[in-house]
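To be precise, the following lines are data36.cif, and they hold mmCIF, C-alpha atoms.
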data_work
loop_
_atom_site.label_atom_id
_atom_site.label_comp_id
_atom_site.auth_asym_id
_atom_site.auth_seq_id
_atom_site.Cartn_x
_atom_site.Cartn_y
_atom_site.Cartn_z
CA MET G 1 -0.06 14.97 14.21
CA VAL G 2 -2.45 12.69 15.95
CA SER G 3 -4.66 10.22 14.40
CA ILE G 4 -7.18 8.32 16.48
CA GLU G 5 -8.59 4.90 15.82
CA ASN G 6 -11.72 3.83 14.02
CA GLY G 7 -12.39 0.87 11.83
CA THR G 8 -13.16 -2.82 12.02
CA THR G 9 -11.47 -6.20 12.32
CA THR G 10 -11.90 -8.92 9.71
CA VAL G 11 -9.50 -11.22 7.93
CA MET G 12 -10.08 -9.04 4.88
CA ALA G 13 -9.28 -5.97 6.96
CA ASN G 14 -11.17 -2.86 6.02
CA GLY G 15 -10.91 0.39 7.95
CA HIS G 16 -13.96 1.96 6.30
CA ALA G 17 -16.64 0.61 8.65
CA ALA G 18 -17.76 3.98 10.02
CA ALA G 19 -17.86 5.50 6.56
CA LYS G 20 -19.79 2.50 5.23
CA ALA G 21 -22.38 2.90 7.97
CA ALA G 22 -22.67 6.58 7.12
CA ALA G 23 -22.95 5.77 3.43
CA ALA G 24 -25.70 3.24 4.06
CA GLU G 25 -27.66 5.78 6.03
CA ALA G 26 -27.03 8.57 3.55
CA ALA G 27 -28.04 6.21 0.76
CA SER G 28 -31.57 5.89 2.15
CA ALA G 29 -32.04 9.57 1.34
CA THR G 30 -30.25 9.34 -2.03
CA PRO G 31 -32.34 8.40 -5.08
CA ALA G 32 -31.15 5.30 -6.91
CA TYR G 33 -31.38 6.55 -10.46
CA VAL G 34 -31.06 3.32 -12.43
CA SER G 35 -29.87 -0.03 -11.14
CA ASN G 36 -28.10 -0.91 -14.38
CA GLY G 37 -25.23 1.32 -15.45
CA THR G 38 -25.16 -0.22 -18.94
CA GLN G 39 -28.84 0.55 -19.49
CA MET G 40 -28.14 4.11 -18.41
CA GLU G 41 -25.51 4.51 -21.10
CA ILE G 42 -27.92 3.15 -23.74
CA ASP G 43 -30.69 5.51 -22.61
CA LEU G 44 -28.41 8.55 -22.89
CA PRO G 45 -28.60 10.07 -26.38
CA ARG G 46 -25.48 9.19 -28.37
CA LYS G 47 -24.86 12.80 -29.30
CA ARG G 48 -24.83 13.89 -25.64
CA ARG G 49 -22.52 10.97 -24.76
CA SER G 50 -20.03 12.08 -27.36
CA THR G 51 -20.02 15.64 -26.04
CA ILE G 52 -19.48 14.79 -22.37
CA LEU G 53 -17.07 11.85 -22.74
CA PRO G 54 -14.40 11.51 -21.66
CA LEU G 55 -15.40 13.28 -18.45
CA ASP G 56 -13.15 16.18 -17.49
CA VAL G 57 -11.36 16.40 -14.18
CA GLY G 58 -13.61 18.39 -11.85
CA THR G 59 -16.86 17.00 -13.27
CA ARG G 60 -19.60 16.25 -10.74
CA VAL G 61 -21.70 13.15 -11.33
CA ASN G 62 -23.52 10.42 -9.40
CA CYS G 63 -21.70 7.12 -8.97
CA ARG G 64 -22.89 3.65 -7.91
CA TRP G 65 -20.98 2.73 -4.75
CA ARG G 66 -20.41 -0.65 -3.11
CA ASP G 67 -23.77 -0.36 -1.30
CA GLY G 68 -25.53 -0.48 -4.70
CA LYS G 69 -26.79 3.11 -4.29
CA TYR G 70 -25.79 6.26 -6.17
CA HIS G 71 -23.78 8.99 -4.42
CA PRO G 72 -22.45 12.33 -5.67
CA VAL G 73 -18.77 12.29 -6.67
CA LYS G 74 -16.19 14.62 -8.13
CA VAL G 75 -13.75 13.38 -10.79
CA ILE G 76 -10.24 13.86 -9.40
CA GLU G 77 -8.21 12.15 -12.14
CA ARG G 78 -8.68 10.02 -15.25
CA ARG G 79 -6.58 7.58 -17.25
CA LYS G 80 -6.99 5.54 -20.41
CA LEU G 81 -7.64 1.84 -20.01
CA PRO G 82 -4.66 -0.18 -21.29
CA PHE G 83 -6.70 -2.09 -23.90
CA GLY G 84 -9.77 0.10 -24.06
CA GLY G 85 -9.09 2.29 -27.10
CA ASN G 86 -10.55 5.65 -26.10
CA ASP G 87 -12.17 4.31 -22.92
CA TYR G 88 -11.19 5.83 -19.58
CA GLU G 89 -11.47 4.94 -15.93
CA TYR G 90 -11.94 7.70 -13.36
CA TYR G 91 -10.58 8.40 -9.89
CA VAL G 92 -13.44 9.92 -7.89
CA HIS G 93 -14.02 11.54 -4.52
CA TYR G 94 -17.36 10.82 -2.81
CA THR G 95 -18.33 14.30 -1.65
CA GLU G 96 -20.35 12.99 1.32
CA PHE G 97 -17.42 11.02 2.76
CA ASN G 98 -13.82 11.24 3.89
CA ARG G 99 -11.34 11.01 1.04
CA ARG G 100 -10.01 7.68 2.29
CA LEU G 101 -12.90 6.22 0.24
CA ASP G 102 -11.66 7.77 -3.04
CA GLU G 103 -11.21 5.09 -5.71
CA TRP G 104 -10.84 4.23 -9.38
CA ILE G 105 -14.17 3.35 -11.01
CA LYS G 106 -15.37 2.21 -14.45
CA LEU G 107 -17.66 4.24 -16.69
CA ASP G 108 -20.61 1.88 -16.20
CA GLN G 109 -20.75 2.86 -12.52
CA LEU G 110 -21.65 6.46 -13.42
CA ASP G 111 -25.08 7.98 -14.07
CA LEU G 112 -24.21 10.14 -17.07
CA ASN G 113 -27.63 11.83 -16.91
CA SER G 114 -26.48 13.50 -13.68
CA VAL G 115 -23.29 15.06 -15.10
CA GLU G 116 -22.60 18.61 -13.91
CA THR G 117 -19.68 20.84 -14.81
CA ASP G 118 -18.47 24.19 -13.46
CA VAL G 119 -20.22 23.75 -10.13
CA ASP G 120 -19.67 26.42 -7.51
CA GLU G 121 -17.90 24.36 -4.85
CA LYS G 122 -19.07 26.47 -1.90
CA VAL G 123 -22.71 26.20 -2.99
CA GLU G 124 -22.32 22.48 -3.75
CA ASP G 125 -20.77 21.74 -0.36
CA LYS G 126 -23.58 23.67 1.35
CA VAL G 127 -26.24 21.69 -0.54
CA THR G 128 -24.54 18.37 0.34
CA SER G 129 -24.38 19.44 3.98
CA LEU G 130 -28.06 20.42 4.07
CA LYS G 131 -29.10 17.02 2.67
CA MET G 132 -27.42 15.15 5.50
CA THR G 133 -28.88 14.60 8.95
CA ARG G 134 -26.91 15.41 12.08
CA HIS G 135 -26.46 11.66 12.73
CA GLN G 136 -25.11 11.11 9.21
CA LYS G 137 -22.63 13.96 9.67
CA ARG G 138 -21.44 12.51 12.96
CA LYS G 139 -20.99 9.08 11.38
CA ILE G 140 -19.00 10.55 8.52
CA ASP G 141 -16.94 12.75 10.83
CA GLU G 142 -15.96 9.60 12.76
CA THR G 143 -14.00 8.49 9.69
CA HIS G 144 -11.96 11.71 9.60
CA VAL G 145 -8.93 10.99 11.69
CA GLU G 146 -6.42 13.60 10.71
CA GLY G 147 -6.86 17.34 10.34
CA HIS G 148 -4.95 19.98 8.43
CA GLU G 149 -5.61 22.82 10.81
CA GLU G 150 -1.96 23.90 10.62
CA LEU G 151 -2.09 24.46 6.83
CA ASP G 152 -3.07 27.71 5.16
CA ALA G 153 -5.35 27.50 2.11
CA ALA G 154 -2.51 27.47 -0.42
CA SER G 155 -0.54 24.79 1.44
CA LEU G 156 -3.67 22.67 1.84
CA ARG G 157 -4.36 22.87 -1.91
CA GLU G 158 -0.75 21.90 -2.64
CA HIS G 159 -0.95 18.96 -0.21
CA GLU G 160 -4.23 17.71 -1.64
CA GLU G 161 -2.97 18.06 -5.22
CA PHE G 162 0.19 16.08 -4.47
CA THR G 163 -1.63 13.33 -2.57
CA LYS G 164 -4.97 13.36 -4.42
CA VAL G 165 -4.65 9.90 -5.97
CA LYS G 166 -4.10 6.92 -3.69
CA ASN G 167 -1.07 5.11 -5.12
CA ILE G 168 -1.30 1.82 -3.18
CA ALA G 169 -4.78 0.27 -2.96
CA THR G 170 -4.08 -2.66 -0.63
CA ILE G 171 -1.28 -4.14 1.44
CA GLU G 172 -0.70 -7.58 2.87
CA LEU G 173 0.62 -7.56 6.42
CA GLY G 174 0.80 -10.86 8.28
CA ARG G 175 -2.54 -12.64 7.96
CA TYR G 176 -4.41 -9.51 6.92
CA GLU G 177 -5.06 -7.89 3.59
CA ILE G 178 -5.81 -4.25 4.34
CA GLU G 179 -7.38 -1.59 2.14
CA THR G 180 -5.33 1.59 2.38
CA TRP G 181 -6.78 5.04 3.01
CA TYR G 182 -4.33 7.61 1.67
CA PHE G 183 -1.35 8.33 -0.56
CA SER G 184 2.12 7.43 0.73
CA PRO G 185 5.33 8.59 -1.03
CA PHE G 186 6.96 5.22 -1.70
CA PRO G 187 10.15 5.23 -3.81
CA PRO G 188 9.64 5.68 -7.60
CA GLU G 189 10.29 2.00 -8.37
CA TYR G 190 6.94 1.20 -6.71
CA ASN G 191 4.95 3.60 -8.89
CA ASP G 192 3.51 0.74 -10.95
CA CYS G 193 2.22 -1.18 -7.89
CA THR G 194 -1.29 -1.12 -6.50
CA LYS G 195 -0.58 -3.78 -3.85
CA LEU G 196 2.45 -4.22 -1.60
CA PHE G 197 3.49 -7.17 0.56
CA PHE G 198 5.02 -6.29 3.94
CA CYS G 199 7.11 -8.47 6.21
CA GLU G 200 5.21 -8.02 9.47
CA PHE G 201 8.41 -8.20 11.54
CA CYS G 202 11.03 -6.06 9.74
CA LEU G 203 8.46 -4.11 7.64
CA ASN G 204 10.39 -4.53 4.37
CA PHE G 205 7.94 -4.31 1.48
CA MET G 206 7.87 -6.12 -1.85
CA LYS G 207 5.94 -6.06 -5.10
CA ARG G 208 5.06 -9.75 -5.30
CA LYS G 209 3.87 -12.48 -2.97
CA GLU G 210 6.69 -14.81 -4.09
CA GLN G 211 9.26 -12.19 -3.04
CA LEU G 212 7.67 -12.00 0.40
CA GLN G 213 7.68 -15.78 0.75
CA ARG G 214 11.39 -15.94 -0.13
CA HIS G 215 12.09 -13.09 2.30
CA MET G 216 10.20 -14.78 5.15
CA ARG G 217 12.34 -17.89 4.79
CA LYS G 218 15.43 -15.74 5.41
CA CYS G 219 14.15 -13.09 7.85
CA ASP G 220 15.15 -14.08 11.38
CA LEU G 221 13.11 -11.37 13.15
CA LYS G 222 10.01 -12.42 15.07
CA HIS G 223 9.37 -9.03 16.70
CA PRO G 224 10.23 -5.38 16.03
CA PRO G 225 13.95 -4.57 16.37
CA GLY G 226 14.71 -2.85 19.65
CA ASP G 227 14.05 -3.42 23.34
CA GLU G 228 10.92 -5.01 24.77
CA ILE G 229 9.98 -2.60 27.55
CA TYR G 230 6.52 -3.93 28.47
CA ARG G 231 4.82 -7.31 28.51
CA ASN G 232 1.46 -8.10 30.03
CA GLY G 233 -0.06 -11.40 28.95
CA THR G 234 0.00 -11.45 25.15
CA LEU G 235 0.61 -7.71 24.84
CA SER G 236 4.13 -6.33 24.33
CA MET G 237 5.64 -2.91 23.67
CA PHE G 238 8.97 -2.46 21.91
CA GLU G 239 11.07 0.71 21.89
CA VAL G 240 12.81 1.18 18.52
CA ASP G 241 15.53 3.82 18.15
CA GLY G 242 15.24 5.45 14.72
CA LYS G 243 18.98 6.05 14.62
CA LYS G 244 19.89 2.42 15.32
CA ASN G 245 17.12 1.00 13.11
CA LYS G 246 16.83 3.56 10.34
CA VAL G 247 15.37 1.29 7.64
CA TYR G 248 12.72 -0.09 10.01
CA GLY G 249 11.79 3.46 11.08
CA GLN G 250 11.45 4.66 7.49
CA ASN G 251 9.42 1.60 6.50
CA LEU G 252 7.13 2.20 9.48
CA CYS G 253 6.60 5.79 8.28
CA TYR G 254 5.76 4.62 4.75
CA LEU G 255 3.28 2.11 6.19
CA ALA G 256 1.72 4.61 8.61
CA LYS G 257 1.28 7.26 5.91
CA LEU G 258 -1.13 4.91 4.09
CA PHE G 259 -3.53 5.48 7.02
CA LEU G 260 -2.65 9.02 8.12
CA ASP G 261 -3.71 11.99 6.01
CA HIS G 262 -1.26 14.67 7.04
CA LYS G 263 1.52 16.57 5.34
CA THR G 264 4.59 15.44 7.20
CA LEU G 265 6.42 12.17 6.73
CA TYR G 266 9.63 12.00 8.72
CA TYR G 267 12.51 10.79 6.56
CA ASP G 268 14.99 11.78 9.26
CA VAL G 269 13.98 9.07 11.71
CA ASP G 270 17.22 9.44 13.70
CA LEU G 271 15.53 12.02 15.92
CA PHE G 272 12.64 9.76 16.92
CA LEU G 273 11.84 6.83 19.15
CA PHE G 274 9.08 4.47 18.00
CA TYR G 275 6.96 2.54 20.48
CA VAL G 276 5.49 -0.46 18.67
CA LEU G 277 2.61 -2.33 20.32
CA CYS G 278 2.30 -6.03 19.49
CA GLU G 279 0.02 -8.98 20.09
CA CYS G 280 2.22 -12.02 20.74
CA ASP G 281 1.64 -15.71 19.99
CA ASP G 282 3.79 -18.73 19.17
CA ARG G 283 4.50 -17.33 15.67
CA GLY G 284 5.93 -14.07 16.97
CA CYS G 285 4.95 -10.52 17.95
CA HIS G 286 2.48 -8.98 15.49
CA MET G 287 2.31 -5.20 15.20
CA VAL G 288 -1.00 -3.69 16.35
CA GLY G 289 -0.10 0.00 16.27
CA TYR G 290 2.53 2.47 17.40
CA PHE G 291 3.30 5.97 18.50
CA SER G 292 6.44 8.00 17.95
CA LYS G 293 8.04 10.74 20.00
CA GLU G 294 10.98 13.05 19.59
CA LYS G 295 14.06 12.17 21.62
CA HIS G 296 14.36 15.80 22.66
CA SER G 297 11.33 18.08 22.51
CA GLU G 298 11.57 21.73 23.50
CA GLU G 299 7.76 21.92 23.64
CA SER G 300 7.35 18.93 26.03
CA TYR G 301 5.74 16.81 23.32
CA ASN G 302 5.45 13.20 24.46
CA LEU G 303 3.82 11.95 21.25
CA ALA G 304 4.29 12.89 17.59
CA CYS G 305 2.29 10.36 15.54
CA ILE G 306 -0.09 7.64 16.67
CA LEU G 307 -1.76 4.87 14.68
CA THR G 308 -3.69 1.70 15.33
CA LEU G 309 -3.77 -0.50 12.22
CA PRO G 310 -7.30 -1.03 10.83
CA PRO G 311 -7.59 -4.76 11.72
CA TYR G 312 -6.98 -3.93 15.39
CA GLN G 313 -9.15 -0.84 15.76
CA ARG G 314 -12.15 -0.57 18.10
CA LYS G 315 -10.34 -2.67 20.70
CA GLY G 316 -9.07 0.09 22.98
CA TYR G 317 -5.50 0.05 21.67
CA GLY G 318 -5.52 3.75 20.75
CA LYS G 319 -6.45 4.72 24.31
CA PHE G 320 -3.78 2.32 25.56
CA LEU G 321 -1.13 4.05 23.43
CA ILE G 322 -2.14 7.49 24.75
CA ALA G 323 -2.02 6.24 28.35
CA PHE G 324 1.36 4.58 27.70
CA SER G 325 2.85 7.85 26.44
CA TYR G 326 1.93 9.49 29.75
CA GLU G 327 3.37 6.62 31.79
CA LEU G 328 6.70 7.22 30.03
CA SER G 329 6.44 10.93 30.88
CA LYS G 330 5.92 10.02 34.55
CA LYS G 331 9.04 7.85 34.45
CA GLU G 332 10.94 10.81 33.01
CA SER G 333 9.53 13.07 35.78
CA LYS G 334 8.23 15.40 33.07
CA VAL G 335 4.87 16.71 32.00
CA GLY G 336 3.84 15.81 28.46
CA THR G 337 1.44 16.84 25.73
CA PRO G 338 0.75 15.57 22.20
CA GLU G 339 2.30 17.38 19.27
CA ARG G 340 0.15 20.19 17.94
CA PRO G 341 -2.00 20.80 16.07
CA LEU G 342 -4.55 18.15 17.01
CA SER G 343 -7.31 17.27 14.59
CA ASP G 344 -10.86 17.66 15.92
CA LEU G 345 -11.10 13.93 16.61
CA GLY G 346 -7.58 13.88 18.03
CA LEU G 347 -8.60 16.55 20.53
CA LEU G 348 -11.75 14.57 21.33
CA SER G 349 -9.77 11.42 22.12
CA TYR G 350 -7.24 13.25 24.25
CA ARG G 351 -9.97 15.24 25.98
CA GLY G 352 -11.61 11.90 26.80
CA TYR G 353 -8.38 10.58 28.30
CA TRP G 354 -7.72 13.78 30.26
CA THR G 355 -11.33 13.80 31.53
CA ARG G 356 -11.20 10.21 32.77
CA VAL G 357 -7.84 10.64 34.52
CA LEU G 358 -8.54 14.02 36.13
CA LEU G 359 -12.10 13.31 37.26
CA ASP G 360 -11.10 9.96 38.72
CA ILE G 361 -8.59 11.81 40.93
CA LEU G 362 -11.08 14.54 41.85
CA LYS G 363 -13.65 11.91 42.88
CA LYS G 364 -11.23 10.22 45.27
CA HIS G 365 -9.41 13.31 46.55
CA LYS G 366 -10.41 14.91 49.83
CA GLY G 367 -9.75 18.60 50.38
CA ASN G 368 -8.26 21.20 48.04
CA ILE G 369 -6.06 20.36 45.08
CA SER G 370 -4.26 22.68 42.67
CA ILE G 371 -3.73 22.50 38.91
CA LYS G 372 0.01 22.02 39.53
CA GLU G 373 -0.65 19.12 41.90
CA LEU G 374 -2.88 17.48 39.30
CA SER G 375 -0.15 18.00 36.71
CA ASP G 376 2.50 16.45 38.96
CA MET G 377 0.28 13.44 39.65
CA THR G 378 -0.73 12.77 36.02
CA ALA G 379 2.13 14.18 33.88
CA ILE G 380 -0.56 16.10 31.96
CA LYS G 381 0.49 19.63 31.04
CA ALA G 382 -1.19 22.35 33.14
CA GLU G 383 -2.65 24.05 30.05
CA ASP G 384 -4.34 20.78 29.03
CA ILE G 385 -5.76 20.32 32.53
CA LEU G 386 -7.09 23.88 32.56
CA SER G 387 -8.69 23.63 29.10
CA THR G 388 -10.27 20.25 29.96
CA LEU G 389 -11.78 21.44 33.24
CA GLN G 390 -12.98 24.65 31.59
CA SER G 391 -14.67 22.68 28.79
CA LEU G 392 -16.48 20.66 31.48
CA GLU G 393 -17.39 23.89 33.33
CA LEU G 394 -15.68 22.54 36.47
CA ILE G 395 -13.44 25.52 37.03
CA GLN G 396 -14.14 29.11 37.97
CA TYR G 397 -11.95 32.17 38.29
CA ARG G 398 -12.31 33.76 41.76
CA LYS G 399 -10.21 36.42 43.43
CA GLY G 400 -7.36 36.11 40.98
CA GLN G 401 -7.12 32.32 40.96
CA HIS G 402 -8.75 29.27 39.36
CA VAL G 403 -10.99 27.24 41.66
CA ILE G 404 -12.10 23.68 40.84
CA CYS G 405 -15.78 23.02 41.56
CA ALA G 406 -16.20 19.25 41.89
CA ASP G 407 -19.75 18.21 42.68
CA PRO G 408 -19.79 14.35 42.83
CA LYS G 409 -22.95 14.01 40.72
CA VAL G 410 -21.53 16.31 38.04
CA LEU G 411 -18.25 14.33 38.03
CA ASP G 412 -20.16 11.07 37.57
CA ARG G 413 -22.13 12.53 34.68
CA HIS G 414 -18.97 13.71 32.90
CA LEU G 415 -17.18 10.40 33.54
CA LYS G 416 -20.06 8.50 32.00
CA ALA G 417 -19.99 10.80 28.95
CA ALA G 418 -16.22 10.30 28.57
CA GLY G 419 -16.70 6.55 28.04
CA ARG G 420 -14.52 3.64 29.04
CA GLY G 421 -10.78 4.03 29.32
CA GLY G 422 -9.78 1.05 27.18
CA LEU G 423 -6.98 -1.32 28.11
CA GLU G 424 -5.16 -0.50 31.34
CA VAL G 425 -1.40 0.02 31.41
CA ASP G 426 0.00 -2.12 34.23
CA VAL G 427 2.91 0.07 35.33
CA SER G 428 4.48 -2.81 37.28
CA LYS G 429 5.12 -4.52 33.92
CA LEU G 430 6.91 -1.50 32.45
CA ILE G 431 10.70 -1.92 32.56
CA TRP G 432 12.23 1.18 31.00
CA THR G 433 14.82 3.87 31.52
CA PRO G 434 14.48 7.23 29.77
CA TYR G 435 16.48 7.79 26.60
CA LYS G 436 19.91 9.38 27.00
CA GLU G 437 22.22 10.29 24.15
CA GLN G 438 25.24 8.04 24.13
CA GLY G 439 28.78 9.22 23.76
#

Hey, can you dump this file as structure tokens for me?
Amino acid sequence: MVSIENGTTTVMANGHAAAKAAAAEAASATPAYVSNGTQMEIDLPRKRRSTILPLDVGTRVNCRWRDGKYHPVKVIERRKLPFGGNDYEYYVHYTEFNRRLDEWIKLDQLDLNSVETDVDEKVEDKVTSLKMTRHQKRKIDETHVEGHEELDAASLREHEEFTKVKNIATIELGRYEIETWYFSPFPPEYNDCTKLFFCEFCLNFMKRKEQLQRHMRKCDLKHPPGDEIYRNGTLSMFEVDGKKNKVYGQNLCYLAKLFLDHKTLYYDVDLFLFYVLCECDDRGCHMVGYFSKEKHSEESYNLACILTLPPYQRKGYGKFLIAFSYELSKKESKVGTPERPLSDLGLLSYRGYWTRVLLDILKKHKGNISIKELSDMTAIKAEDILSTLQSLELIQYRKGQHVICADPKVLDRHLKAAGRGGLEVDVSKLIWTPYKEQG
């Protein structure tokens, strides 16, 4: 599965920037019913209140969001307040936005005059879609980082049912407090936690700040366990063997799942290598993101999962990680490809990388060049090269073979559309030998 970066960087780290922008724009077209939720409750006839409360799971209603505007939501779950008698709080999904924004809300945030039940979901989704402009849809789509294209309808329903309620709301990692996006299957003893405290070096997680402080006084790690295989300025990459560092690998999976919405979490980390990217200073090496890959892949996969943590997104690190995975493939003298299926945005990010690399070569190359030659030069799988060039309409099929048509002006136009390539991987700083099973 491939997840590609989006988000923002603040000390109170929040990865919802794109969704917030979309919400703000969508809000301008959404009527603000009443600015005071309490007044709304008073205005609602008491008899009607008693018949609709508590709201059932599945109820559609408008909810006041953090932008102060009302947005349509669906009630996903409900629970009684600990000291509220018969009062409930509700876990809602904002139907205009990615489910990473799902949250627990209080009753006074809801416009009870807008309550709907037994809504035909297909019709409702179509109405929501029609209300949104193309720009709003694009903004909201930017927040969707992980697809479920490999799941059939029944499996998708099962996945969404199991992970529908976000169990951990925030984590503390180093100097950042980060709002989480999705459910992660932490061990049962953490079921009563809404916030976890991570050691940023060994990734052990605790329930309380005091526990973390005690742990930090004892933890002698200042970087991920494993071998440093790349350093360029303040940027370092560490290779961590899941078999040698099982607990670290599992903790990394728990952490990553909070920001990746896909079905698979690898408990058997023995089969994987983790490449952890860090920003280094005098306090140590601080994790920015990572990608994982299988030690032995029959399908030539050179990347399984990829994540840039929200505080470090929009800095080009995701593109750097993709490029780094291909530099490792070149060192192995193999062609590589990301694990399938790719989400729509995952394909977009890889297509951008493939476009920049291939067109840069075509611009500089004189004379004929074959798909195989391009593959040998870039470590990109031939099928990915073919699909990329076809999508750009740079390849034609003539007399039983594919012919690349590379007009310089067309190449420049496509390169400009593909955007910048992010941080460069300085191959001279990469000191690495391919993995070989020992003994």

Just want the 8 Å neighbourhood of range 228-241 of chain G, counted on all atoms listed in the file, with same-chain residues fewer than 5 positions away dropped. Output as a compact mmCIF listing (two decimals) with C-alpha atoms, keeping the file's coordinate frame.
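Writing the result to result-v7.txt gives the following:
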# COMPACT_ATOMS: atom_id res chain seq x y z
CA LYS G 246 16.83 3.56 10.34
CA GLY G 249 11.79 3.46 11.08
CA ASP G 270 17.22 9.44 13.70
CA PHE G 272 12.64 9.76 16.92
CA LEU G 273 11.84 6.83 19.15
CA PHE G 274 9.08 4.47 18.00
CA TYR G 275 6.96 2.54 20.48
CA VAL G 276 5.49 -0.46 18.67
CA LEU G 277 2.61 -2.33 20.32
CA CYS G 278 2.30 -6.03 19.49
CA GLU G 279 0.02 -8.98 20.09
CA CYS G 280 2.22 -12.02 20.74
CA ASP G 281 1.64 -15.71 19.99
CA CYS G 285 4.95 -10.52 17.95
CA ASP G 426 0.00 -2.12 34.23
CA LYS G 429 5.12 -4.52 33.92
CA LEU G 430 6.91 -1.50 32.45
CA ILE G 431 10.70 -1.92 32.56
CA TRP G 432 12.23 1.18 31.00

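Residues matching the PyMOL selection byres ((chain G and resi 293) around 8) in this structure come to Phe272, Leu273, Phe274, Phe291, Ser292, Glu294, Lys295, Tyr301, Asn302, Leu303, Ala304 and Cys305 of chain G.
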
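Reported to one decimal place, the separation of CA of Trp104 in chain G from CA of Lys69 in chain G is 16.8 Å.
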
Translate the PyMOL selection byres ((chain G and resi 391-393) around 10) into a concrete residue list for this structure, as a list in words.
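So the PyMOL selection byres ((chain G and resi 391-393) around 10), applied here, picks out Arg351, Thr355, Ile385, Leu386, Ser387, Thr388, Leu389, Gln390, Leu394, Ile395, Gln396, Ile404, Cys405, Ala406, Val410, Leu411 and His414 of chain G.
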
List the spatial neighbours of Cys63 in chain G as a ChimeraX atom specification - criterion: any atom at most 6 Å away, all atoms listed in the file, same-chain residues fewer than 4 positions off excluded.
/G:70-71,109-110

Let me know the residues the PyMOL selection byres ((chain G and resi 366-368) around 12) catches in the file above, as a ChimeraX atom specification.
/G:361-365,369-374,402-406,408

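In this structure, CA of Ser349 in chain G sits 23.8 Å away from CA of Asp407 in chain G.
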
With all atoms listed in the file as the atoms that count, which of G:Gly419, G:Pro185, G:Gly85, G:Pro54 lies nearest to Ile168 in chain G?
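Of all the options, G:Pro185 lies closest to Ile168 in chain G.
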
Could you work out how far CA of Glu210 in chain G lies from CA of Thr180 in chain G, giving the answer in Å with one decimal?
21.3 Å

Find the axis-aligned box for range 305-315 of chain G, covering all its listed atoms and adding 3 Å on each side, and write its centre and edge lengths in Å to one decimal as AutoDock Vina command-line options.
--center_x -4.9 --center_y 2.8 --center_z 15.8 --size_x 20.4 --size_y 21.1 --size_z 15.9

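For the residues G:Lys74, G:Arg64, G:Arg175, G:Arg214, ranking by smallest atom-to-atom distance to His93 in chain G using all atoms listed in the file places G:Lys74 first.
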
Closest-contact table, range 205-298 of chain G side, partner range 315-328 of chain G, 8 Å, counting all atoms listed in the file, as JSON lines:
{"residue": "G:Val288", "atom": "CA", "partner": "G:Tyr317", "partner_atom": "CA", "distance": 7.9}
{"residue": "G:Gly289", "atom": "CA", "partner": "G:Tyr317", "partner_atom": "CA", "distance": 7.6}
{"residue": "G:Tyr290", "atom": "CA", "partner": "G:Leu321", "partner_atom": "CA", "distance": 7.2}
{"residue": "G:Phe291", "atom": "CA", "partner": "G:Leu321", "partner_atom": "CA", "distance": 6.9}

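If only C-alpha atoms are the atoms counted, then among G:Ala418, G:Leu309, G:Val75, G:Ile105 the closest residue to Val57 in chain G is G:Val75.
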
Please provide the set of residues having any atom within 7 Å of Met206 in chain G, restricted to all atoms listed in the file, with same-chain residues fewer than 6 positions apart removed, written as JSON, numbers by chain.
{"G": [196, 197, 198, 212]}

Selected residues written out with C-alpha atoms, as an mmCIF file, in the coordinates of the input:
data_model
loop_
_atom_site.group_PDB
_atom_site.id
_atom_site.type_symbol
_atom_site.label_atom_id
_atom_site.label_comp_id
_atom_site.auth_asym_id
_atom_site.auth_seq_id
_atom_site.Cartn_x
_atom_site.Cartn_y
_atom_site.Cartn_z
ATOM 1 C CA LEU G 196 2.450 -4.220 -1.600
ATOM 2 C CA PHE G 197 3.490 -7.170 0.560
ATOM 3 C CA PHE G 198 5.020 -6.290 3.940
ATOM 4 C CA LEU G 212 7.670 -12.000 0.400
#

List as a PyMOL selection string: which residues have an atom within 6 Å of (-14.6, 9.5, 35.0), counting all atoms listed in the file?
chain G and resi 356+359-360+415

Select, from G:Arg283, G:Arg340, G:Lys164, G:Arg60, the residue with the minimum atom-to-atom distance to Glu299 in chain G, counting all atoms listed in the file.
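Closest to Glu299 in chain G, using all atoms listed in the file: G:Arg340.
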